[in-house]
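Novice: Dropping in coords19.csv, with CSV, C-alpha atoms.
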chain,number,residue,atom,x,y,z
P,1,MET,CA,91.4,91.0,128.6
P,2,ALA,CA,91.2,93.8,126.0
P,3,PHE,CA,88.4,95.1,123.8
P,4,LEU,CA,88.2,97.1,120.5
P,5,ARG,CA,86.3,100.2,121.5
P,6,ALA,CA,86.3,102.4,118.4
P,7,PHE,CA,88.2,103.4,115.2
P,8,GLY,CA,88.8,106.8,113.7
P,9,ARG,CA,90.3,108.1,110.5
P,10,PHE,CA,91.6,111.1,108.7
P,11,VAL,CA,92.2,111.4,104.9
P,12,PRO,CA,93.5,114.5,103.3
P,13,GLU,CA,91.4,116.5,100.9
P,14,ARG,CA,93.5,116.5,97.8
P,15,ALA,CA,92.8,113.5,95.6
P,16,VAL,CA,95.5,112.5,93.0
P,17,GLY,CA,94.0,110.5,90.3
P,18,ASN,CA,95.7,108.0,88.0
P,19,ALA,CA,95.5,110.4,85.1
P,20,GLU,CA,97.6,113.0,86.9
P,21,LEU,CA,100.2,110.4,87.9
P,22,ALA,CA,100.2,108.7,84.5
P,23,ALA,CA,101.1,112.0,82.8
P,24,ARG,CA,104.0,112.6,85.2
P,25,LEU,CA,105.3,109.0,85.0
P,26,GLY,CA,104.8,108.4,81.3
P,27,CYS,CA,102.6,105.4,81.8
P,28,GLU,CA,99.0,104.4,81.1
P,29,GLU,CA,96.2,105.0,83.5
P,30,GLN,CA,94.9,101.4,82.8
P,31,TRP,CA,98.3,100.0,83.7
P,32,ILE,CA,98.2,101.6,87.2
P,33,ARG,CA,94.7,100.2,87.7
P,34,ASP,CA,95.6,96.7,86.5
P,35,VAL,CA,98.7,96.3,88.6
P,36,SER,CA,97.3,97.8,91.8
P,37,GLY,CA,93.6,98.2,91.8
P,38,ILE,CA,94.1,101.9,92.7
P,39,LEU,CA,92.1,104.7,91.1
P,40,GLU,CA,93.3,107.6,93.2
P,41,ARG,CA,95.2,108.4,96.4
P,42,ARG,CA,95.3,111.4,98.8
P,43,TYR,CA,98.2,113.8,99.2
P,44,ALA,CA,98.4,115.8,102.4
P,45,SER,CA,99.3,119.3,103.2
P,46,GLU,CA,99.1,118.3,106.8
P,47,SER,CA,102.0,116.8,108.8
P,48,VAL,CA,102.2,113.3,110.1
P,49,VAL,CA,101.4,114.6,113.6
P,50,GLU,CA,98.4,116.7,112.4
P,51,MET,CA,96.9,113.8,110.5
P,52,ALA,CA,97.5,111.5,113.6
P,53,ALA,CA,95.7,114.0,115.9
P,54,ARG,CA,92.8,114.3,113.5
P,55,ALA,CA,92.3,110.5,113.2
P,56,ALA,CA,92.7,110.2,117.0
P,57,ALA,CA,90.1,112.9,117.7
P,58,ASP,CA,87.7,111.1,115.4
P,59,CYS,CA,88.3,107.8,117.2
P,60,LEU,CA,87.8,109.4,120.6
P,61,SER,CA,84.6,111.0,119.3
P,62,GLN,CA,83.4,107.6,118.0
P,63,ALA,CA,84.1,106.1,121.4
P,64,GLY,CA,82.6,108.9,123.4
P,65,VAL,CA,85.5,109.2,125.7
P,66,GLU,CA,87.6,112.2,126.8
P,67,ALA,CA,91.3,112.4,125.8
P,68,SER,CA,92.1,112.8,129.5
P,69,SER,CA,91.1,109.2,130.1
P,70,ILE,CA,93.7,107.8,127.8
P,71,GLY,CA,96.4,105.9,129.7
P,72,CYS,CA,98.9,105.3,126.8
P,73,VAL,CA,99.4,106.4,123.2
P,74,ILE,CA,101.1,104.4,120.5
P,75,VAL,CA,101.9,106.1,117.2
P,76,SER,CA,103.0,104.1,114.2
P,77,SER,CA,104.7,105.8,111.2
P,78,GLY,CA,107.4,105.0,108.7
P,79,SER,CA,107.2,108.4,107.2
P,80,ALA,CA,107.7,110.8,110.1
P,81,GLU,CA,109.3,114.1,109.3
P,82,ARG,CA,111.9,113.9,112.0
P,83,ARG,CA,114.5,111.4,113.0
P,84,PHE,CA,113.6,112.2,116.6
P,85,PRO,CA,111.5,112.8,118.5
P,86,GLY,CA,108.9,110.6,116.7
P,87,PRO,CA,105.3,111.8,116.3
P,88,ALA,CA,103.9,110.1,119.4
P,89,ALA,CA,104.6,112.6,122.1
P,90,GLU,CA,103.6,115.6,120.0
P,91,THR,CA,100.4,113.9,118.9
P,92,ALA,CA,99.5,113.2,122.5
P,93,ALA,CA,100.1,116.8,123.4
P,94,ARG,CA,97.9,118.0,120.6
P,95,LEU,CA,95.1,115.8,121.9
P,96,GLY,CA,95.6,117.3,125.4
P,97,ILE,CA,97.1,114.1,126.8
P,98,SER,CA,100.0,114.9,129.1
P,99,GLY,CA,102.0,112.7,131.3
P,100,ALA,CA,100.8,109.4,129.8
P,101,PRO,CA,103.5,107.4,127.9
P,102,ALA,CA,103.5,108.1,124.2
P,103,ILE,CA,105.3,105.4,122.3
P,104,ASP,CA,106.6,105.6,118.7
P,105,LEU,CA,106.5,102.5,116.5
P,106,PRO,CA,108.6,103.3,113.4
P,107,VAL,CA,107.2,100.3,111.6
P,108,ALA,CA,105.9,100.9,108.1
P,109,SER,CA,102.9,98.9,106.9
P,110,ALA,CA,102.6,96.5,109.7
P,111,GLY,CA,102.9,99.1,112.5
P,112,SER,CA,99.2,99.5,113.1
P,113,LEU,CA,98.7,95.8,113.8
P,114,PHE,CA,101.8,95.7,116.0
P,115,GLY,CA,100.5,98.7,117.9
P,116,MET,CA,97.1,97.0,118.4
P,117,ALA,CA,98.8,93.8,119.7
P,118,LEU,CA,101.0,95.8,122.1
P,119,ALA,CA,98.0,97.8,123.2
P,120,ALA,CA,96.0,94.6,123.9
P,121,ASP,CA,98.7,93.7,126.5
P,122,LEU,CA,99.3,97.2,127.8
P,123,ALA,CA,95.5,97.8,128.4
P,124,ALA,CA,95.7,95.7,131.6
P,125,ARG,CA,98.1,98.4,133.0
P,126,TYR,CA,96.8,101.6,131.3
P,127,ARG,CA,93.1,100.7,130.7
P,128,ARG,CA,92.7,102.8,127.5
P,129,VAL,CA,95.4,102.7,124.9
P,130,LEU,CA,95.0,104.8,121.8
P,131,VAL,CA,96.8,103.3,118.8
P,132,ILE,CA,97.3,105.7,115.9
P,133,ALA,CA,99.0,105.1,112.5
P,134,SER,CA,99.8,108.2,110.4
P,135,GLU,CA,101.7,108.3,107.1
P,136,LYS,CA,102.7,111.0,104.7
P,137,MET,CA,104.0,108.8,101.9
P,138,SER,CA,103.7,111.5,99.3
P,139,ALA,CA,106.7,113.2,100.9
P,140,VAL,CA,108.6,110.0,100.5
P,141,ILE,CA,107.6,109.7,96.9
P,142,GLU,CA,108.1,113.3,96.0
P,143,GLY,CA,111.4,113.5,97.9
P,144,ALA,CA,113.3,111.5,95.2
P,145,PRO,CA,113.1,111.1,91.5
P,146,LEU,CA,109.8,109.5,90.7
P,147,ASP,CA,109.8,105.7,90.4
P,148,ARG,CA,106.7,104.6,88.7
P,149,ASN,CA,106.6,101.2,90.4
P,150,THR,CA,106.2,102.9,93.8
P,151,ALA,CA,104.8,106.3,93.0
P,152,ILE,CA,101.6,104.8,91.7
P,153,LEU,CA,100.9,102.9,95.0
P,154,PHE,CA,101.2,105.2,97.9
P,155,GLY,CA,99.0,107.9,99.5
P,156,ASP,CA,98.6,109.8,102.8
P,157,GLY,CA,96.3,109.4,105.7
P,158,ALA,CA,95.9,108.3,109.3
P,159,GLY,CA,93.8,105.8,111.3
P,160,ALA,CA,93.2,105.2,114.9
P,161,CYS,CA,91.9,102.5,117.3
P,162,LEU,CA,91.0,102.7,120.9
P,163,ILE,CA,91.7,99.6,122.9
P,164,ASP,CA,90.0,99.4,126.3
P,165,SER,CA,90.5,96.8,129.1
P,166,ALA,CA,86.9,97.1,130.3
P,167,GLU,CA,84.5,97.6,127.4
P,168,GLY,CA,84.2,97.5,123.6
P,169,TRP,CA,82.3,96.0,120.8
P,170,ALA,CA,84.7,93.1,120.3
P,171,ARG,CA,87.1,91.2,122.5
P,172,ILE,CA,90.6,90.7,121.3
P,173,GLU,CA,90.9,86.9,121.3
P,174,ASN,CA,94.5,86.5,120.3
P,175,PHE,CA,97.2,87.7,118.0
P,176,LYS,CA,100.4,86.5,116.4
P,177,LEU,CA,103.3,88.8,115.4
P,178,HIS,CA,106.4,87.8,113.4
P,179,SER,CA,109.5,89.4,112.0
P,180,ASP,CA,112.3,88.3,109.7
P,181,GLY,CA,115.2,90.7,109.1
P,182,ALA,CA,116.7,88.5,106.5
P,183,PHE,CA,114.7,90.4,103.9
P,184,ALA,CA,115.2,93.9,105.4
P,185,ASP,CA,116.9,95.2,102.2
P,186,HIS,CA,114.0,94.1,100.0
P,187,LEU,CA,111.7,96.9,101.1
P,188,ARG,CA,113.4,99.9,102.7
P,189,LEU,CA,113.6,103.7,103.0
P,190,ASP,CA,117.1,104.9,103.7
P,191,PHE,CA,117.8,108.5,104.8
P,192,ASN,CA,117.6,110.9,101.9
P,193,GLN,CA,117.0,108.1,99.5
P,194,ALA,CA,114.2,106.9,97.3
P,195,LEU,CA,112.0,104.1,98.6
P,196,ARG,CA,113.4,100.7,97.5
P,197,MET,CA,111.0,97.9,96.9
P,198,ASP,CA,111.6,94.5,95.4
P,199,GLY,CA,108.0,94.0,94.5
P,200,ARG,CA,108.3,90.4,93.4
P,201,THR,CA,109.9,89.3,96.7
P,202,VAL,CA,107.4,91.3,98.7
P,203,ILE,CA,104.4,89.8,97.0
P,204,LEU,CA,105.8,86.3,97.1
P,205,GLN,CA,106.5,86.5,100.8
P,206,ALA,CA,103.3,88.3,101.6
P,207,ALA,CA,101.2,85.8,99.6
P,208,ARG,CA,102.6,83.0,101.7
P,209,LYS,CA,102.9,84.6,105.1
P,210,ILE,CA,99.6,86.5,105.5
P,211,PRO,CA,97.4,83.4,104.9
P,212,ALA,CA,99.6,81.4,107.2
P,213,VAL,CA,99.5,83.9,110.1
P,214,ILE,CA,95.7,84.3,109.7
P,215,ARG,CA,95.4,80.5,110.0
P,216,GLN,CA,97.6,80.6,113.1
P,217,VAL,CA,95.2,82.9,115.0
P,218,LEU,CA,92.1,81.1,113.7
P,219,GLU,CA,93.3,77.6,114.6
P,220,ALA,CA,94.2,78.8,118.1
P,221,ALA,CA,90.6,79.9,118.5
P,222,GLY,CA,89.1,76.8,116.9
P,223,LEU,CA,87.8,78.8,113.9
P,224,ALA,CA,88.0,78.5,110.2
P,225,PRO,CA,88.4,81.3,107.6
P,226,SER,CA,84.7,80.7,106.6
P,227,ASP,CA,83.6,81.6,110.2
P,228,LEU,CA,84.8,85.2,109.9
P,229,SER,CA,82.5,88.1,109.0
P,230,ALA,CA,85.3,90.2,107.7
P,231,PHE,CA,89.0,90.4,107.0
P,232,LEU,CA,90.7,93.8,107.5
P,233,MET,CA,94.1,93.9,105.9
P,234,HIS,CA,96.8,96.3,105.2
P,235,GLN,CA,95.7,97.9,101.9
P,236,ALA,CA,98.8,97.2,99.9
P,237,ASN,CA,97.5,96.0,96.5
P,238,GLN,CA,94.1,94.8,95.5
P,239,ASN,CA,95.6,92.0,93.5
P,240,LEU,CA,97.3,90.7,96.7
P,241,ILE,CA,94.1,91.0,98.7
P,242,VAL,CA,92.3,88.9,96.1
P,243,LYS,CA,95.1,86.3,96.0
P,244,ILE,CA,95.0,85.9,99.8
P,245,ALA,CA,91.2,85.5,99.7
P,246,GLN,CA,91.7,82.7,97.1
P,247,THR,CA,94.4,81.0,99.2
P,248,LEU,CA,92.1,81.0,102.2
P,249,ASP,CA,89.2,79.9,100.0
P,250,VAL,CA,86.8,82.7,101.1
P,251,PRO,CA,85.0,85.2,98.9
P,252,ALA,CA,87.1,88.3,98.1
P,253,GLU,CA,84.1,90.4,99.1
P,254,LYS,CA,84.8,89.4,102.8
P,255,PHE,CA,88.0,91.4,102.5
P,256,TYR,CA,87.1,95.0,103.1
P,257,SER,CA,88.9,97.2,100.5
P,258,ASN,CA,89.2,100.9,100.0
P,259,ILE,CA,92.5,100.8,98.2
P,260,ALA,CA,90.9,102.1,95.0
P,261,ARG,CA,90.2,105.4,96.7
P,262,TYR,CA,93.2,105.9,99.0
P,263,GLY,CA,96.0,103.7,97.6
P,264,ASN,CA,98.5,102.2,100.0
P,265,THR,CA,98.8,104.4,103.0
P,266,SER,CA,101.3,102.1,104.7
P,267,SER,CA,100.7,101.5,108.4
P,268,ALA,CA,97.6,103.8,108.3
P,269,SER,CA,95.8,101.8,105.7
P,270,MET,CA,94.4,99.0,107.9
P,271,LEU,CA,93.0,101.4,110.5
P,272,ILE,CA,91.5,103.7,107.8
P,273,ALA,CA,89.8,100.6,106.3
P,274,ALA,CA,88.7,99.5,109.8
P,275,ALA,CA,87.1,102.8,110.5
P,276,GLU,CA,85.1,102.8,107.3
P,277,TRP,CA,84.2,99.1,107.6
P,278,ARG,CA,83.0,99.6,111.2
P,279,ALA,CA,80.8,102.5,110.1
P,280,GLU,CA,79.1,100.2,107.7
P,281,ASN,CA,78.9,97.2,110.0
P,282,PRO,CA,77.4,98.0,113.4
P,283,GLN,CA,77.1,94.4,114.6
P,284,PRO,CA,79.9,92.4,113.0
P,285,GLY,CA,80.8,88.8,113.9
P,286,PRO,CA,84.4,87.6,114.2
P,287,VAL,CA,86.9,89.7,112.4
P,288,VAL,CA,90.6,89.2,111.7
P,289,PHE,CA,93.1,92.0,111.1
P,290,ALA,CA,96.3,91.2,109.1
P,291,THR,CA,99.4,93.1,107.9
P,292,PHE,CA,102.7,92.5,106.2
P,293,GLY,CA,105.4,95.0,105.4
P,294,ALA,CA,109.0,96.2,105.6
P,295,GLY,CA,111.2,94.4,108.0
P,296,PHE,CA,109.7,92.0,107.1
P,297,HIS,CA,107.1,92.3,109.9
P,298,TRP,CA,103.8,90.6,109.7
P,299,GLY,CA,101.0,89.4,111.9
P,300,ALA,CA,97.3,88.9,112.5
P,301,LEU,CA,94.8,89.7,115.3
P,302,LEU,CA,91.5,88.0,115.9
P,303,ALA,CA,88.6,89.9,117.6
P,304,LEU,CA,85.2,88.4,118.5
P,305,GLY,CA,82.0,90.4,118.8
P,306,SER,CA,81.0,90.8,122.4
W,1,MET,CA,108.6,63.5,81.3
W,2,THR,CA,112.0,65.0,82.1
W,3,LEU,CA,112.4,67.4,85.1
W,4,GLN,CA,112.4,70.4,82.7
W,5,GLU,CA,109.3,69.2,80.9
W,6,ARG,CA,107.5,68.9,84.2
W,7,ILE,CA,108.5,72.4,85.1
W,8,GLN,CA,107.5,73.7,81.7
W,9,ALA,CA,104.1,72.1,82.1
W,10,ILE,CA,103.6,73.9,85.5
W,11,ILE,CA,104.6,77.2,83.9
W,12,ARG,CA,102.1,76.7,81.1
W,13,SER,CA,99.3,75.8,83.5
W,14,VAL,CA,100.0,78.7,85.9
W,15,ALA,CA,100.8,81.4,83.4
W,16,GLN,CA,98.4,80.3,80.7
W,17,LYS,CA,101.2,81.0,78.2
W,18,PRO,CA,103.7,78.9,76.3
W,19,ALA,CA,106.7,78.0,78.4
W,20,PRO,CA,110.1,79.2,77.1
W,21,ALA,CA,112.0,76.7,74.9
W,22,ASP,CA,115.3,78.2,76.3
W,23,PRO,CA,115.7,76.9,79.9
W,24,GLU,CA,117.8,79.9,80.8
W,25,GLU,CA,115.3,82.5,79.6
W,26,SER,CA,113.9,84.7,82.4
W,27,LEU,CA,110.3,84.0,83.1
W,28,PHE,CA,109.8,87.6,84.5
W,29,GLU,CA,111.8,89.6,81.9
W,30,SER,CA,110.0,87.6,79.1
W,31,GLY,CA,106.6,88.5,80.5
W,32,ILE,CA,105.6,84.9,81.0
W,33,LEU,CA,105.2,85.3,84.7
W,34,ASP,CA,104.1,88.3,86.7
W,35,SER,CA,104.5,89.0,90.4
W,36,PHE,CA,101.0,87.6,91.3
W,37,ALA,CA,101.4,84.4,89.3
W,38,LEU,CA,104.8,83.6,91.0
W,39,PRO,CA,103.2,82.5,94.3
W,40,ASP,CA,100.9,80.1,92.4
W,41,MET,CA,103.9,78.7,90.5
W,42,VAL,CA,105.8,78.0,93.7
W,43,SER,CA,102.7,76.3,95.2
W,44,ALA,CA,102.4,74.2,92.1
W,45,ILE,CA,106.0,73.2,92.2
W,46,GLU,CA,105.6,72.1,95.8
W,47,LYS,CA,102.6,70.0,94.9
W,48,GLU,CA,104.1,68.5,91.8
W,49,PHE,CA,107.4,67.5,93.4
W,50,GLY,CA,106.3,66.8,96.9
W,51,ILE,CA,108.6,69.4,98.5
W,52,GLN,CA,108.0,72.3,100.9
W,53,VAL,CA,109.7,75.6,99.9
W,54,PRO,CA,110.7,77.3,103.2
W,55,ASP,CA,110.1,81.0,103.6
W,56,ALA,CA,113.8,81.6,103.5
W,57,ASP,CA,113.9,80.3,99.9
W,58,LEU,CA,111.0,82.5,98.8
W,59,ASN,CA,113.3,84.6,96.6
W,60,PRO,CA,112.2,85.2,93.0
W,61,ARG,CA,115.7,84.7,91.7
W,62,LYS,CA,115.5,81.0,92.6
W,63,PHE,CA,112.5,80.7,90.3
W,64,ASP,CA,113.4,83.0,87.4
W,65,SER,CA,114.0,80.3,84.8
W,66,VAL,CA,113.3,76.7,84.0
W,67,ALA,CA,117.0,76.0,84.7
W,68,ARG,CA,117.0,77.7,88.0
W,69,ILE,CA,113.8,75.9,89.1
W,70,ALA,CA,115.3,72.6,88.1
W,71,SER,CA,118.5,73.3,90.0
W,72,TYR,CA,116.5,74.3,93.1
W,73,ILE,CA,114.4,71.1,92.9
W,74,GLU,CA,117.5,68.9,92.4
W,75,ASN,CA,119.2,70.6,95.4
W,76,ARG,CA,116.2,70.0,97.6
W,77,ALA,CA,116.0,66.4,96.6
W,78,SER,CA,119.6,65.7,97.2
Starting from the file, lay out its structure as structure tokens.

Specialist:
Amino acid sequence: MAFLRAFGRFVPERAVGNAELAARLGCEEQWIRDVSGILERRYASESVVEMAARAAADCLSQAGVEASSIGCVIVSSGSAERRFPGPAAETAARLGISGAPAIDLPVASAGSLFGMALAADLAARYRRVLVIASEKMSAVIEGAPLDRNTAILFGDGAGACLIDSAEGWARIENFKLHSDGAFADHLRLDFNQALRMDGRTVILQAARKIPAVIRQVLEAAGLAPSDLSAFLMHQANQNLIVKIAQTLDVPAEKFYSNIARYGNTSSASMLIAAAEWRAENPQPGPVVFATFGAGFHWGALLALGS
Amino acid sequence: MTLQERIQAIIRSVAQKPAPADPEESLFESGILDSFALPDMVSAIEKEFGIQVPDADLNPRKFDSVARIASYIENRAS
């Protein structure tokens, strides 16, 4: 058994509004808003590791536990500065966690949910597993000639989630993870290259797969979408979030969204959203987490208030 | 109605715009369909023709024109 114990987040100080990007990209502010729902995003001076450590420290503070009690650390990032080592070990060291395994998940977008699912199983062995997702997408965007179709979307930030085998505010009921490498080339970041995204394929696939995997975890628990108190998704695009709400026939208001303020922070987005949602909802009912991203990797996780 | 006429009716319904007279015209490049209308069109095609489009076939190129959609449906039916 595993429980959600706490969330944490870190968002950089510098906000980059649509006006600034529109001027650089030669497009209209309104176009950015219409195609994405994004008003601004944050660009970091901090590194992936620094943001990860800040989000993790917030999460540990929310949980009221010492870093020394963490049995395992998982760090998701698709934008780490180095090929190796990944940010996990250094993040753990900055938190004062030494000796515990620190595992890198180089999975953009869906990495936070994959980390939570792995942590749910690993908690039986390590008791407290700290899942962190940290992304510096501005470095990806600024590291190549600007492409307006991707530059408008992405921002920086980090989120964290503490999963505990003994206590928490919600029990992880089940999860489903999926991958399909047949579409690996449709959303990818090659070394020293610009981010490549076939937006139509990504949206078409995501619009089908996300509702399907949410239904999978709900049906396994005997629940319907209308039974949930909230949906916490990867904040990829507000139009996609609304479309998934329509497909599941639930009000879009049940899908927590902060994409207008932060843009798409890849794997960090779901945990940043979760941290803000949790602060506003002290006693939530059943909640489902769902992500989709490069790979393609996608999945959903159901948690029930305890 | 012919197969192409049925497809054009779906496009008009989903896009709320006139369907192209030229069956080869790109629905995306012409601005008739955007990325977020495409999933709705695929769902409407499934319903109208009683087929299930597998995830492996969820490639926009297969649905980029009336002619390509017709070809896809004919192949699924055969």

Novice: Distance cut-off 8 Å, counting all atoms listed in the file - which residues of chain P neighbour chain W? Return them as a short mmCIF file (atom, residue, chain, number, x, y, z; two decimals) with C-alpha atoms, in the frame of the given file.

Specialist:
data_model
loop_
_atom_site.label_atom_id
_atom_site.label_comp_id
_atom_site.auth_asym_id
_atom_site.auth_seq_id
_atom_site.Cartn_x
_atom_site.Cartn_y
_atom_site.Cartn_z
CA GLY P 199 108.00 94.00 94.50
CA ARG P 200 108.30 90.40 93.40
CA THR P 201 109.90 89.30 96.70
CA ILE P 203 104.40 89.80 97.00
CA LEU P 204 105.80 86.30 97.10
CA GLN P 205 106.50 86.50 100.80
CA ALA P 207 101.20 85.80 99.60
CA ARG P 208 102.60 83.00 101.70
CA ASN P 239 95.60 92.00 93.50
CA LEU P 240 97.30 90.70 96.70
CA LYS P 243 95.10 86.30 96.00
#

Novice: Please determine the residues with any atom at most 8 Å from (93.4, 109.5, 92.4) (coordinates as given in the file, with all atoms listed in the file counting) and report them as a ChimeraX atom specification.

Specialist: /P:15-20,38-42,261-262

Novice: So how far away is atom CA of P:Ser138 from atom CA of P:Arg14, in Å?

Specialist: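 Computed distance, atom CA of P:Arg14 to atom CA of P:Ser138, equals 11.5 Å.
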
Novice: Using Å and a single decimal, report how far atom CA of P:Val129 sits from atom CA of P:Gly96.

Specialist: 14.6 Å

Novice: Would you mind reading off the distance between atom CA of P:Gly293 and atom CA of P:Ala110, one decimal, in Å?

Specialist: 5.3 Å

Novice: Given only C-alpha atoms as the basis, pick out the residue of W:Pro18, W:Ile69, W:Ser13, W:Ser26 nearest to W:Phe49.

Specialist: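 Among the listed residues, W:Ile69 lies closest to W:Phe49.
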
Novice: Considering all atoms listed in the file, can you say which of P:Asn237, P:Ala294, P:Asp121, P:Asp180 comes closest to P:Asp198?

Specialist: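 The answer is P:Ala294, which sits nearest to P:Asp198.
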
Novice: Find, counting all atoms listed in the file, the residue in W:Ala19, W:Leu33, W:Met1, W:Ile10 that gets nearest to W:Glu46.

Specialist: W:Ile10

Novice: Excluding P:Leu25 and any residue of its chain fewer than 4 positions from it, enumerate the residues within 10 Å of it, using all atoms listed in the file, and give them as a count of residues only.

Specialist: 9

Novice: Between W:Arg12, W:Val53, W:Glu24, W:Met41, single out the one closest to W:Tyr72, counting all atoms listed in the file.

Specialist: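 Checking each of W:Arg12, W:Val53, W:Glu24, W:Met41 against W:Tyr72, counting all atoms listed in the file, the winner is W:Val53.
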
Novice: Which residue out of P:His178, P:Arg215, P:Arg196, P:His186 has the minimum interatomic distance to P:Asp227 when all atoms listed in the file are used?

Specialist: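 The closest residue to P:Asp227 is P:Arg215.
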